[in-house]
>>> print(open('work37.txt').read())   # compact mmCIF, N, CA and C atoms
# COMPACT_ATOMS: atom_id res chain seq x y z
N TYR A 1 -105.71 -245.88 -35.34
CA TYR A 1 -105.60 -246.42 -36.67
C TYR A 1 -106.96 -246.73 -37.23
N LYS A 2 -107.11 -246.44 -38.48
CA LYS A 2 -108.35 -246.74 -39.17
C LYS A 2 -108.03 -247.74 -40.28
N PRO A 3 -108.99 -248.58 -40.62
CA PRO A 3 -108.76 -249.53 -41.72
C PRO A 3 -108.36 -248.81 -43.00
N ASN A 4 -107.56 -249.49 -43.79
CA ASN A 4 -107.14 -249.04 -45.12
C ASN A 4 -106.31 -247.76 -45.12
N ASN A 5 -105.57 -247.51 -44.05
CA ASN A 5 -104.62 -246.41 -44.04
C ASN A 5 -103.59 -246.73 -45.13
N PRO A 6 -103.46 -245.89 -46.16
CA PRO A 6 -102.59 -246.24 -47.29
C PRO A 6 -101.11 -246.39 -46.93
N SER A 7 -100.67 -245.81 -45.82
CA SER A 7 -99.26 -245.94 -45.45
C SER A 7 -98.99 -247.18 -44.60
N SER A 8 -100.03 -247.90 -44.21
CA SER A 8 -99.87 -249.08 -43.37
C SER A 8 -100.18 -250.34 -44.15
N LYS A 9 -99.25 -251.28 -44.09
CA LYS A 9 -99.49 -252.57 -44.70
C LYS A 9 -99.53 -253.67 -43.64
N LEU A 10 -98.88 -253.41 -42.49
CA LEU A 10 -98.84 -254.37 -41.40
C LEU A 10 -98.61 -253.60 -40.10
N ILE A 11 -99.43 -253.88 -39.11
CA ILE A 11 -99.27 -253.26 -37.79
C ILE A 11 -98.77 -254.32 -36.83
N TRP A 12 -97.75 -253.98 -36.06
CA TRP A 12 -97.27 -254.87 -35.01
C TRP A 12 -97.56 -254.17 -33.68
N LEU A 13 -98.57 -254.63 -33.00
CA LEU A 13 -98.99 -254.07 -31.72
C LEU A 13 -98.34 -254.87 -30.60
N ILE A 14 -97.59 -254.17 -29.74
CA ILE A 14 -96.84 -254.83 -28.67
C ILE A 14 -97.23 -254.22 -27.33
N PHE A 15 -97.68 -255.07 -26.40
CA PHE A 15 -97.93 -254.66 -25.02
C PHE A 15 -96.76 -255.15 -24.19
N THR A 16 -96.13 -254.24 -23.46
CA THR A 16 -94.93 -254.59 -22.71
C THR A 16 -94.93 -253.92 -21.34
N THR A 17 -94.03 -254.37 -20.48
CA THR A 17 -93.79 -253.70 -19.20
C THR A 17 -92.34 -253.24 -19.18
N TYR A 18 -92.00 -252.49 -18.17
CA TYR A 18 -90.62 -252.01 -18.07
C TYR A 18 -89.68 -253.05 -17.49
N ASP A 19 -90.21 -253.99 -16.70
CA ASP A 19 -89.32 -254.82 -15.90
C ASP A 19 -89.35 -256.32 -16.18
N CYS A 20 -90.15 -256.79 -17.12
CA CYS A 20 -90.14 -258.24 -17.35
C CYS A 20 -88.94 -258.60 -18.22
N PRO A 21 -88.22 -259.67 -17.87
CA PRO A 21 -87.03 -260.05 -18.65
C PRO A 21 -87.30 -260.28 -20.13
N PRO A 22 -88.37 -261.01 -20.52
CA PRO A 22 -88.60 -261.17 -21.96
C PRO A 22 -88.92 -259.84 -22.66
N CYS A 23 -89.56 -258.91 -21.95
CA CYS A 23 -89.85 -257.58 -22.52
C CYS A 23 -88.55 -256.84 -22.82
N LYS A 24 -87.60 -256.94 -21.92
CA LYS A 24 -86.31 -256.27 -22.13
C LYS A 24 -85.62 -256.83 -23.36
N ILE A 25 -85.68 -258.15 -23.53
CA ILE A 25 -85.08 -258.77 -24.72
C ILE A 25 -85.78 -258.28 -25.97
N LEU A 26 -87.11 -258.26 -25.97
CA LEU A 26 -87.86 -257.80 -27.14
C LEU A 26 -87.51 -256.36 -27.46
N LYS A 27 -87.46 -255.48 -26.46
CA LYS A 27 -87.18 -254.07 -26.73
C LYS A 27 -85.79 -253.90 -27.35
N GLU A 28 -84.82 -254.72 -26.93
CA GLU A 28 -83.50 -254.68 -27.56
C GLU A 28 -83.57 -255.24 -28.98
N ASP A 29 -84.31 -256.35 -29.15
CA ASP A 29 -84.44 -256.97 -30.47
C ASP A 29 -85.18 -256.08 -31.46
N LEU A 30 -86.08 -255.25 -30.98
CA LEU A 30 -86.81 -254.34 -31.88
C LEU A 30 -85.85 -253.45 -32.66
N LEU A 31 -84.72 -253.12 -32.05
CA LEU A 31 -83.74 -252.28 -32.72
C LEU A 31 -83.13 -252.98 -33.92
N GLU A 32 -83.12 -254.31 -33.88
CA GLU A 32 -82.61 -255.10 -34.99
C GLU A 32 -83.71 -255.43 -36.01
N ILE A 33 -84.94 -255.47 -35.54
CA ILE A 33 -86.07 -255.84 -36.39
C ILE A 33 -86.67 -254.63 -37.12
N ASN A 34 -86.65 -253.48 -36.49
CA ASN A 34 -87.30 -252.28 -37.04
C ASN A 34 -86.45 -251.66 -38.16
N LEU A 35 -86.37 -252.37 -39.25
CA LEU A 35 -85.54 -251.93 -40.36
C LEU A 35 -86.27 -250.90 -41.22
N ARG A 36 -85.51 -249.98 -41.76
CA ARG A 36 -86.07 -248.93 -42.62
C ARG A 36 -86.83 -249.55 -43.80
N GLU A 37 -86.29 -250.61 -44.38
CA GLU A 37 -86.96 -251.23 -45.53
C GLU A 37 -88.35 -251.76 -45.15
N TYR A 38 -88.50 -252.29 -43.95
CA TYR A 38 -89.82 -252.75 -43.50
C TYR A 38 -90.75 -251.56 -43.31
N ARG A 39 -90.24 -250.50 -42.71
CA ARG A 39 -91.08 -249.31 -42.50
C ARG A 39 -91.51 -248.72 -43.83
N GLU A 40 -90.59 -248.70 -44.81
CA GLU A 40 -90.92 -248.17 -46.13
C GLU A 40 -91.96 -249.03 -46.84
N GLN A 41 -92.00 -250.33 -46.51
CA GLN A 41 -93.00 -251.23 -47.10
C GLN A 41 -94.33 -251.16 -46.35
N GLY A 42 -94.37 -250.46 -45.21
CA GLY A 42 -95.63 -250.26 -44.52
C GLY A 42 -95.76 -250.89 -43.15
N LEU A 43 -94.66 -251.35 -42.56
CA LEU A 43 -94.71 -251.89 -41.19
C LEU A 43 -94.82 -250.73 -40.21
N LYS A 44 -95.80 -250.82 -39.32
CA LYS A 44 -95.99 -249.83 -38.26
C LYS A 44 -95.89 -250.57 -36.93
N ILE A 45 -94.93 -250.18 -36.09
CA ILE A 45 -94.76 -250.80 -34.78
C ILE A 45 -95.34 -249.87 -33.72
N LEU A 46 -96.27 -250.42 -32.94
CA LEU A 46 -96.90 -249.68 -31.85
C LEU A 46 -96.49 -250.34 -30.54
N VAL A 47 -95.73 -249.63 -29.72
CA VAL A 47 -95.26 -250.17 -28.45
C VAL A 47 -96.07 -249.51 -27.33
N VAL A 48 -96.80 -250.34 -26.59
CA VAL A 48 -97.67 -249.85 -25.52
C VAL A 48 -97.15 -250.37 -24.19
N PHE A 49 -96.75 -249.46 -23.33
CA PHE A 49 -96.21 -249.82 -22.02
C PHE A 49 -97.35 -249.93 -21.01
N ASN A 50 -97.21 -250.87 -20.09
CA ASN A 50 -98.25 -251.07 -19.08
C ASN A 50 -97.62 -251.23 -17.70
N GLY A 51 -96.80 -250.27 -17.32
CA GLY A 51 -96.23 -250.25 -15.98
C GLY A 51 -95.23 -251.35 -15.73
N LEU A 52 -95.30 -251.89 -14.52
CA LEU A 52 -94.40 -252.95 -14.08
C LEU A 52 -95.16 -254.26 -14.00
N LEU A 53 -94.45 -255.36 -13.82
CA LEU A 53 -95.12 -256.65 -13.65
C LEU A 53 -96.06 -256.62 -12.46
N SER A 54 -95.74 -255.81 -11.47
CA SER A 54 -96.59 -255.71 -10.29
C SER A 54 -97.91 -255.00 -10.58
N GLY A 55 -97.99 -254.33 -11.72
CA GLY A 55 -99.25 -253.69 -12.09
C GLY A 55 -99.07 -252.40 -12.86
N PRO A 56 -100.13 -251.95 -13.50
CA PRO A 56 -100.11 -250.71 -14.27
C PRO A 56 -99.84 -249.50 -13.37
N GLN A 57 -99.28 -248.47 -13.96
CA GLN A 57 -99.01 -247.21 -13.26
C GLN A 57 -99.39 -246.03 -14.15
N PRO A 58 -100.68 -245.92 -14.50
CA PRO A 58 -101.08 -244.90 -15.47
C PRO A 58 -100.65 -243.48 -15.10
N GLU A 59 -100.62 -243.17 -13.82
CA GLU A 59 -100.25 -241.81 -13.41
C GLU A 59 -98.78 -241.50 -13.67
N LEU A 60 -97.94 -242.52 -13.76
CA LEU A 60 -96.51 -242.32 -14.00
C LEU A 60 -96.13 -242.46 -15.48
N GLU A 61 -97.02 -243.02 -16.25
CA GLU A 61 -96.68 -243.39 -17.62
C GLU A 61 -96.30 -242.25 -18.56
N PRO A 62 -97.01 -241.12 -18.58
CA PRO A 62 -96.63 -240.10 -19.56
C PRO A 62 -95.15 -239.73 -19.48
N GLU A 63 -94.66 -239.50 -18.29
CA GLU A 63 -93.26 -239.13 -18.12
C GLU A 63 -92.32 -240.28 -18.45
N LYS A 64 -92.67 -241.49 -18.00
CA LYS A 64 -91.81 -242.65 -18.25
C LYS A 64 -91.72 -242.98 -19.73
N VAL A 65 -92.85 -242.93 -20.42
CA VAL A 65 -92.86 -243.22 -21.86
C VAL A 65 -92.07 -242.15 -22.61
N ALA A 66 -92.24 -240.89 -22.25
CA ALA A 66 -91.51 -239.81 -22.91
C ALA A 66 -90.00 -239.98 -22.71
N GLU A 67 -89.59 -240.36 -21.51
CA GLU A 67 -88.17 -240.58 -21.23
C GLU A 67 -87.64 -241.76 -22.04
N TYR A 68 -88.39 -242.83 -22.08
CA TYR A 68 -87.99 -244.01 -22.84
C TYR A 68 -87.84 -243.67 -24.32
N LYS A 69 -88.81 -242.95 -24.86
CA LYS A 69 -88.76 -242.57 -26.27
C LYS A 69 -87.56 -241.67 -26.55
N GLU A 70 -87.31 -240.72 -25.68
CA GLU A 70 -86.18 -239.81 -25.86
C GLU A 70 -84.85 -240.57 -25.90
N ILE A 71 -84.69 -241.50 -24.97
CA ILE A 71 -83.46 -242.30 -24.93
C ILE A 71 -83.31 -243.12 -26.20
N TYR A 72 -84.38 -243.81 -26.60
CA TYR A 72 -84.32 -244.64 -27.81
C TYR A 72 -83.98 -243.81 -29.04
N LEU A 73 -84.65 -242.68 -29.20
CA LEU A 73 -84.42 -241.87 -30.39
C LEU A 73 -83.05 -241.21 -30.40
N SER A 74 -82.53 -240.87 -29.24
CA SER A 74 -81.20 -240.26 -29.21
C SER A 74 -80.11 -241.30 -29.43
N GLU A 75 -80.28 -242.51 -28.88
CA GLU A 75 -79.27 -243.55 -29.03
C GLU A 75 -79.41 -244.34 -30.32
N TYR A 76 -80.64 -244.46 -30.81
CA TYR A 76 -80.93 -245.25 -32.01
C TYR A 76 -81.85 -244.46 -32.93
N PRO A 77 -81.33 -243.40 -33.57
CA PRO A 77 -82.20 -242.50 -34.31
C PRO A 77 -82.99 -243.14 -35.45
N ASP A 78 -82.52 -244.24 -36.00
CA ASP A 78 -83.26 -244.87 -37.08
C ASP A 78 -84.13 -246.02 -36.55
N THR A 79 -83.53 -247.01 -35.95
CA THR A 79 -84.29 -248.20 -35.54
C THR A 79 -85.09 -247.99 -34.26
N GLY A 80 -84.85 -246.90 -33.54
CA GLY A 80 -85.65 -246.60 -32.35
C GLY A 80 -86.89 -245.79 -32.67
N ARG A 81 -87.15 -245.60 -33.94
CA ARG A 81 -88.28 -244.80 -34.41
C ARG A 81 -89.48 -245.72 -34.65
N PHE A 82 -90.36 -245.77 -33.65
CA PHE A 82 -91.58 -246.57 -33.79
C PHE A 82 -92.73 -245.64 -34.14
N GLU A 83 -93.78 -246.21 -34.69
CA GLU A 83 -94.95 -245.42 -35.05
C GLU A 83 -95.61 -244.83 -33.82
N LEU A 84 -95.58 -245.58 -32.72
CA LEU A 84 -96.22 -245.11 -31.49
C LEU A 84 -95.48 -245.63 -30.27
N TYR A 85 -95.24 -244.75 -29.34
CA TYR A 85 -94.86 -245.10 -27.97
C TYR A 85 -96.08 -244.71 -27.15
N GLY A 86 -96.71 -245.64 -26.45
CA GLY A 86 -97.92 -245.29 -25.73
C GLY A 86 -98.05 -246.04 -24.42
N TYR A 87 -99.14 -245.78 -23.72
CA TYR A 87 -99.45 -246.46 -22.46
C TYR A 87 -100.95 -246.56 -22.34
N LEU A 88 -101.40 -247.40 -21.42
CA LEU A 88 -102.83 -247.60 -21.20
C LEU A 88 -103.27 -246.82 -19.97
N LYS A 89 -104.33 -246.07 -20.11
CA LYS A 89 -104.94 -245.39 -18.97
C LYS A 89 -105.78 -246.40 -18.20
N ASP A 90 -106.20 -246.02 -17.01
CA ASP A 90 -107.00 -246.92 -16.17
C ASP A 90 -108.15 -247.56 -16.93
N GLU A 91 -108.93 -246.72 -17.61
CA GLU A 91 -110.13 -247.23 -18.29
C GLU A 91 -109.80 -248.09 -19.50
N GLU A 92 -108.56 -248.05 -19.98
CA GLU A 92 -108.16 -248.84 -21.14
C GLU A 92 -107.62 -250.22 -20.76
N GLN A 93 -107.47 -250.49 -19.48
CA GLN A 93 -106.91 -251.76 -19.04
C GLN A 93 -107.75 -252.95 -19.52
N LYS A 94 -109.05 -252.77 -19.60
CA LYS A 94 -109.93 -253.87 -20.04
C LYS A 94 -109.65 -254.26 -21.49
N VAL A 95 -109.17 -253.33 -22.29
CA VAL A 95 -108.82 -253.64 -23.68
C VAL A 95 -107.68 -254.64 -23.72
N LEU A 96 -106.68 -254.44 -22.89
CA LEU A 96 -105.53 -255.34 -22.87
C LEU A 96 -105.95 -256.75 -22.50
N LYS A 97 -106.87 -256.89 -21.58
CA LYS A 97 -107.30 -258.22 -21.13
C LYS A 97 -107.89 -259.03 -22.27
N LYS A 98 -108.43 -258.39 -23.28
CA LYS A 98 -108.97 -259.10 -24.43
C LYS A 98 -107.87 -259.82 -25.22
N PHE A 99 -106.64 -259.32 -25.11
CA PHE A 99 -105.54 -259.91 -25.86
C PHE A 99 -104.92 -261.11 -25.14
N PHE A 100 -105.11 -261.23 -23.84
CA PHE A 100 -104.47 -262.31 -23.10
C PHE A 100 -105.18 -263.63 -23.33
N SER A 101 -104.42 -264.69 -23.50
CA SER A 101 -105.01 -266.01 -23.70
C SER A 101 -105.58 -266.58 -22.40
N ASN A 102 -105.04 -266.16 -21.26
CA ASN A 102 -105.51 -266.62 -19.95
C ASN A 102 -106.42 -265.53 -19.38
N PRO A 103 -107.65 -265.85 -19.02
CA PRO A 103 -108.57 -264.82 -18.51
C PRO A 103 -108.09 -264.15 -17.22
N LEU A 104 -107.18 -264.80 -16.50
CA LEU A 104 -106.67 -264.22 -15.26
C LEU A 104 -105.53 -263.25 -15.51
N GLY A 105 -105.03 -263.22 -16.69
CA GLY A 105 -103.92 -262.33 -17.02
C GLY A 105 -103.00 -263.02 -18.01
N GLY A 106 -102.23 -262.25 -18.71
CA GLY A 106 -101.40 -262.82 -19.76
C GLY A 106 -99.93 -262.75 -19.45
N THR A 107 -99.19 -263.11 -20.43
CA THR A 107 -97.74 -263.09 -20.35
C THR A 107 -97.25 -261.86 -21.10
N TYR A 108 -96.28 -261.20 -20.56
CA TYR A 108 -95.66 -260.07 -21.27
C TYR A 108 -94.37 -260.55 -21.92
N PRO A 109 -94.01 -259.98 -23.03
CA PRO A 109 -94.85 -259.11 -23.85
C PRO A 109 -95.95 -259.91 -24.55
N THR A 110 -97.05 -259.26 -24.79
CA THR A 110 -98.13 -259.80 -25.60
C THR A 110 -98.14 -258.98 -26.88
N TRP A 111 -98.21 -259.66 -28.01
CA TRP A 111 -98.10 -258.94 -29.27
C TRP A 111 -98.99 -259.56 -30.34
N ALA A 112 -99.30 -258.74 -31.33
CA ALA A 112 -100.12 -259.20 -32.45
C ALA A 112 -99.73 -258.46 -33.72
N PHE A 113 -99.69 -259.20 -34.81
CA PHE A 113 -99.58 -258.60 -36.13
C PHE A 113 -101.01 -258.41 -36.62
N ILE A 114 -101.31 -257.23 -37.11
CA ILE A 114 -102.67 -256.87 -37.50
C ILE A 114 -102.68 -256.41 -38.96
N ASP A 115 -103.65 -256.92 -39.70
CA ASP A 115 -103.86 -256.49 -41.08
C ASP A 115 -104.62 -255.16 -41.03
N PRO A 116 -104.01 -254.05 -41.43
CA PRO A 116 -104.69 -252.75 -41.31
C PRO A 116 -105.88 -252.59 -42.25
N ALA A 117 -106.00 -253.42 -43.27
CA ALA A 117 -107.15 -253.32 -44.16
C ALA A 117 -108.42 -253.80 -43.48
N THR A 118 -108.27 -254.82 -42.61
CA THR A 118 -109.43 -255.40 -41.94
C THR A 118 -109.41 -255.20 -40.43
N MET A 119 -108.26 -254.79 -39.91
CA MET A 119 -108.00 -254.64 -38.47
C MET A 119 -108.15 -255.99 -37.75
N GLU A 120 -107.91 -257.08 -38.46
CA GLU A 120 -107.94 -258.41 -37.88
C GLU A 120 -106.53 -258.86 -37.53
N ILE A 121 -106.44 -259.62 -36.44
CA ILE A 121 -105.16 -260.18 -36.01
C ILE A 121 -104.81 -261.33 -36.95
N VAL A 122 -103.62 -261.29 -37.54
CA VAL A 122 -103.17 -262.36 -38.42
C VAL A 122 -102.12 -263.26 -37.76
N GLU A 123 -101.55 -262.79 -36.67
CA GLU A 123 -100.57 -263.58 -35.90
C GLU A 123 -100.57 -263.02 -34.49
N TYR A 124 -100.53 -263.91 -33.51
CA TYR A 124 -100.61 -263.51 -32.11
C TYR A 124 -99.56 -264.27 -31.32
N GLY A 125 -98.99 -263.60 -30.31
CA GLY A 125 -98.02 -264.29 -29.46
C GLY A 125 -97.92 -263.66 -28.09
N GLU A 126 -97.47 -264.47 -27.15
CA GLU A 126 -97.17 -264.01 -25.79
C GLU A 126 -95.77 -264.48 -25.46
N GLY A 127 -95.01 -263.61 -24.80
CA GLY A 127 -93.64 -263.94 -24.44
C GLY A 127 -92.67 -263.60 -25.55
N TRP A 128 -91.39 -263.76 -25.26
CA TRP A 128 -90.33 -263.47 -26.22
C TRP A 128 -89.07 -264.18 -25.76
N GLY A 129 -88.25 -264.62 -26.71
CA GLY A 129 -87.01 -265.30 -26.37
C GLY A 129 -85.85 -264.79 -27.18
N ASP A 130 -84.65 -265.22 -26.77
CA ASP A 130 -83.42 -264.78 -27.42
C ASP A 130 -83.34 -265.14 -28.90
N ASP A 131 -84.04 -266.17 -29.30
CA ASP A 131 -83.87 -266.70 -30.65
C ASP A 131 -85.00 -266.31 -31.61
N MET A 132 -85.71 -265.25 -31.32
CA MET A 132 -86.90 -264.94 -32.12
C MET A 132 -86.70 -263.87 -33.19
N VAL A 133 -85.54 -263.26 -33.27
CA VAL A 133 -85.32 -262.17 -34.23
C VAL A 133 -85.48 -262.66 -35.67
N ASP A 134 -84.76 -263.70 -36.03
CA ASP A 134 -84.80 -264.16 -37.41
C ASP A 134 -86.18 -264.65 -37.83
N SER A 135 -86.84 -265.42 -36.96
CA SER A 135 -88.17 -265.93 -37.31
C SER A 135 -89.18 -264.78 -37.42
N THR A 136 -89.03 -263.76 -36.58
CA THR A 136 -89.94 -262.61 -36.64
C THR A 136 -89.70 -261.80 -37.91
N LYS A 137 -88.45 -261.61 -38.26
CA LYS A 137 -88.15 -260.89 -39.50
C LYS A 137 -88.71 -261.66 -40.71
N SER A 138 -88.59 -262.98 -40.69
CA SER A 138 -89.16 -263.79 -41.78
C SER A 138 -90.67 -263.64 -41.83
N LYS A 139 -91.30 -263.67 -40.65
CA LYS A 139 -92.77 -263.52 -40.58
C LYS A 139 -93.18 -262.15 -41.12
N ILE A 140 -92.45 -261.10 -40.74
CA ILE A 140 -92.76 -259.75 -41.23
C ILE A 140 -92.64 -259.69 -42.75
N GLU A 141 -91.57 -260.28 -43.29
CA GLU A 141 -91.37 -260.26 -44.74
C GLU A 141 -92.52 -260.98 -45.47
N ILE A 142 -92.93 -262.13 -44.93
CA ILE A 142 -94.04 -262.87 -45.53
C ILE A 142 -95.33 -262.06 -45.47
N LEU A 143 -95.63 -261.51 -44.29
CA LEU A 143 -96.86 -260.75 -44.13
C LEU A 143 -96.88 -259.48 -44.99
N LEU A 144 -95.75 -258.80 -45.09
CA LEU A 144 -95.69 -257.61 -45.94
C LEU A 144 -95.94 -257.96 -47.40
N GLU A 145 -95.50 -259.14 -47.79
CA GLU A 145 -95.71 -259.59 -49.17
C GLU A 145 -97.16 -260.02 -49.41
N GLU A 146 -97.75 -260.70 -48.41
CA GLU A 146 -99.10 -261.24 -48.56
C GLU A 146 -100.20 -260.18 -48.43
N LEU A 147 -100.00 -259.22 -47.54
CA LEU A 147 -101.10 -258.28 -47.24
C LEU A 147 -101.14 -257.14 -48.24
>>> encode(input="work37.txt", output="structure tokens")
Amino acid sequence: YKPNNPSSKLIWLIFTTYDCPPCKILKEDLLEINLREYREQGLKILVVFNGLLSGPQPELEPEKVAEYKEIYLSEYPDTGRFELYGYLKDEEQKVLKKFFSNPLGGTYPTWAFIDPATMEIVEYGEGWGDDMVDSTKSKIEILLEEL
């Protein structure tokens, strides 16, 4: 992503694993949050997988991410459509550490709303819970209006 991409008004960057319980909740909730109206207003969701809680698995990721994307798009053709399904290679692991609030490691999922005009983080969070869909949708609506 480059600053001032005319089709982007808000980027939601999400770092997740395959096996953490809060990550599973978030991935299910994304299907409820990733509304067409938000995408049409410029919301871009980037989902970046980072292996299992036990650690990254860059060598396995291309196939796992492709399988995950295929399942989501076949079962949820509209709301399973994210701007990016990705993973971190070995050399990219240090980038993720910059997002964690704890220098020893962070909590998954780790996520940030980013203003694409400045590429600055406007909202940051770690973890996810059952009750976060409505507050996140409200936050997205506010940010889409403000940015």
>>> select_by_dssp(input="work37.txt", residues="chain A", states="alpha helix (DSSP H)", output="ChimeraX atom specification")
/A:21-33,36-41,61-75,93-97,133-146
>>> residues_around(input="work37.txt", residues="stretch 35-42 of chain A", least_positions_apart="3", cutoff="6 Å", atoms="all atoms listed in the file", output="list in words")
Ser7, Ser8, Lys9, Leu10, Glu32 and Thr79 of chain A
>>> closest_residue(input="work37.txt", among="A:Cys20, A:Tyr87, A:Asp115, A:Val65", to="A:Leu144", atoms="only C-alpha atoms")
A:Asp115
>>> closest_residue(input="work37.txt", among="A:Tyr76, A:Tyr108, A:Tyr68, A:Phe49", to="A:Leu88", atoms="only N, CA and C atoms")
A:Phe49
>>> atom_distance(input="work37.txt", atom1="atom CA of A:Val47", atom2="atom CA of A:Gly106")
16.5 Å
>>> residues_around(input="work37.txt", residues="A:Ala112", least_positions_apart="6", cutoff="7 Å", atoms="only N, CA and C atoms", output="tab-separated table (two decimals) with N, CA and C atoms, in the frame of the given file")
chain	number	residue	atom	x	y	z
A	11	ILE	N	-99.43	-253.88	-39.11
A	11	ILE	CA	-99.27	-253.26	-37.79
A	11	ILE	C	-98.77	-254.32	-36.83
A	12	TRP	N	-97.75	-253.98	-36.06
A	12	TRP	CA	-97.27	-254.87	-35.01
A	12	TRP	C	-97.56	-254.17	-33.68
A	13	LEU	N	-98.57	-254.63	-33.00
A	13	LEU	CA	-98.99	-254.07	-31.72
A	13	LEU	C	-98.34	-254.87	-30.60
A	14	ILE	N	-97.59	-254.17	-29.74
A	14	ILE	CA	-96.84	-254.83	-28.67
A	14	ILE	C	-97.23	-254.22	-27.33
A	15	PHE	N	-97.68	-255.07	-26.40
A	15	PHE	CA	-97.93	-254.66	-25.02
A	15	PHE	C	-96.76	-255.15	-24.19
A	121	ILE	N	-106.44	-259.62	-36.44
A	121	ILE	CA	-105.16	-260.18	-36.01
A	121	ILE	C	-104.81	-261.33	-36.95
A	122	VAL	N	-103.62	-261.29	-37.54
A	122	VAL	CA	-103.17	-262.36	-38.42
A	122	VAL	C	-102.12	-263.26	-37.76
A	123	GLU	N	-101.55	-262.79	-36.67
A	123	GLU	CA	-100.57	-263.58	-35.90
A	123	GLU	C	-100.57	-263.02	-34.49
A	124	TYR	N	-100.53	-263.91	-33.51
A	124	TYR	CA	-100.61	-263.51	-32.11
A	124	TYR	C	-99.56	-264.27	-31.32
A	125	GLY	N	-98.99	-263.60	-30.31
A	125	GLY	CA	-98.02	-264.29	-29.46
A	125	GLY	C	-97.92	-263.66	-28.09
>>> closest_residue(input="work37.txt", among="A:Arg81, A:Leu147, A:Lys24, A:Gly51", to="A:Glu120", atoms="only C-alpha atoms")
A:Leu147
>>> atom_distance(input="work37.txt", atom1="atom C of A:Lys137", atom2="atom C of A:Leu96")
25.6 Å
>>> residues_near_point(input="work37.txt", point="(-91.0, -246.2, -33.5)", cutoff="10 Å", atoms="only C-alpha atoms", output="compact mmCIF listing (two decimals) with N, CA and C atoms, in the coordinates of the input")
# COMPACT_ATOMS: atom_id res chain seq x y z
N LEU A 30 -86.08 -255.25 -30.98
CA LEU A 30 -86.81 -254.34 -31.88
C LEU A 30 -85.85 -253.45 -32.66
N LEU A 31 -84.72 -253.12 -32.05
CA LEU A 31 -83.74 -252.28 -32.72
C LEU A 31 -83.13 -252.98 -33.92
N ASN A 34 -86.65 -253.48 -36.49
CA ASN A 34 -87.30 -252.28 -37.04
C ASN A 34 -86.45 -251.66 -38.16
N ARG A 39 -90.24 -250.50 -42.71
CA ARG A 39 -91.08 -249.31 -42.50
C ARG A 39 -91.51 -248.72 -43.83
N LYS A 44 -95.80 -250.82 -39.32
CA LYS A 44 -95.99 -249.83 -38.26
C LYS A 44 -95.89 -250.57 -36.93
N ILE A 45 -94.93 -250.18 -36.09
CA ILE A 45 -94.76 -250.80 -34.78
C ILE A 45 -95.34 -249.87 -33.72
N LEU A 46 -96.27 -250.42 -32.94
CA LEU A 46 -96.90 -249.68 -31.85
C LEU A 46 -96.49 -250.34 -30.54
N VAL A 47 -95.73 -249.63 -29.72
CA VAL A 47 -95.26 -250.17 -28.45
C VAL A 47 -96.07 -249.51 -27.33
N LYS A 69 -88.81 -242.95 -24.86
CA LYS A 69 -88.76 -242.57 -26.27
C LYS A 69 -87.56 -241.67 -26.55
N TYR A 72 -84.38 -243.81 -26.60
CA TYR A 72 -84.32 -244.64 -27.81
C TYR A 72 -83.98 -243.81 -29.04
N LEU A 73 -84.65 -242.68 -29.20
CA LEU A 73 -84.42 -241.87 -30.39
C LEU A 73 -83.05 -241.21 -30.40
N PRO A 77 -81.33 -243.40 -33.57
CA PRO A 77 -82.20 -242.50 -34.31
C PRO A 77 -82.99 -243.14 -35.45
N ASP A 78 -82.52 -244.24 -36.00
CA ASP A 78 -83.26 -244.87 -37.08
C ASP A 78 -84.13 -246.02 -36.55
N THR A 79 -83.53 -247.01 -35.95
CA THR A 79 -84.29 -248.20 -35.54
C THR A 79 -85.09 -247.99 -34.26
N GLY A 80 -84.85 -246.90 -33.54
CA GLY A 80 -85.65 -246.60 -32.35
C GLY A 80 -86.89 -245.79 -32.67
N ARG A 81 -87.15 -245.60 -33.94
CA ARG A 81 -88.28 -244.80 -34.41
C ARG A 81 -89.48 -245.72 -34.65
N PHE A 82 -90.36 -245.77 -33.65
CA PHE A 82 -91.58 -246.57 -33.79
C PHE A 82 -92.73 -245.64 -34.14
N GLU A 83 -93.78 -246.21 -34.69
CA GLU A 83 -94.95 -245.42 -35.05
C GLU A 83 -95.61 -244.83 -33.82
N LEU A 84 -95.58 -245.58 -32.72
CA LEU A 84 -96.22 -245.11 -31.49
C LEU A 84 -95.48 -245.63 -30.27
N TYR A 85 -95.24 -244.75 -29.34
CA TYR A 85 -94.86 -245.10 -27.97
C TYR A 85 -96.08 -244.71 -27.15
>>> select_by_dssp(input="work37.txt", residues="chain A", states="strand (DSSP E)", output="ChimeraX atom specification")
/A:10-16,43-49,84-87,110-115,120-126
>>> decode(input="work37.txt", residues="stretch 74-88 of chain A", atoms="C-alpha atoms", output="compact mmCIF listing (two decimals), in the first residue's frame")
# COMPACT_ATOMS: atom_id res chain seq x y z
CA SER A 74 -16.48 -20.37 -1.53
CA GLU A 75 -18.53 -20.34 1.69
CA TYR A 76 -18.80 -16.55 2.06
CA PRO A 77 -18.42 -15.06 -1.42
CA ASP A 78 -19.21 -11.51 -0.32
CA THR A 79 -18.05 -11.04 3.28
CA GLY A 80 -15.09 -13.43 2.91
CA ARG A 81 -13.57 -11.11 0.32
CA PHE A 82 -10.69 -9.31 2.01
CA GLU A 83 -8.23 -7.01 0.29
CA LEU A 84 -5.36 -9.28 1.26
CA TYR A 85 -4.81 -12.75 2.65
CA GLY A 86 -1.11 -12.91 3.50
CA TYR A 87 1.63 -14.30 5.71
CA LEU A 88 4.99 -13.19 7.05
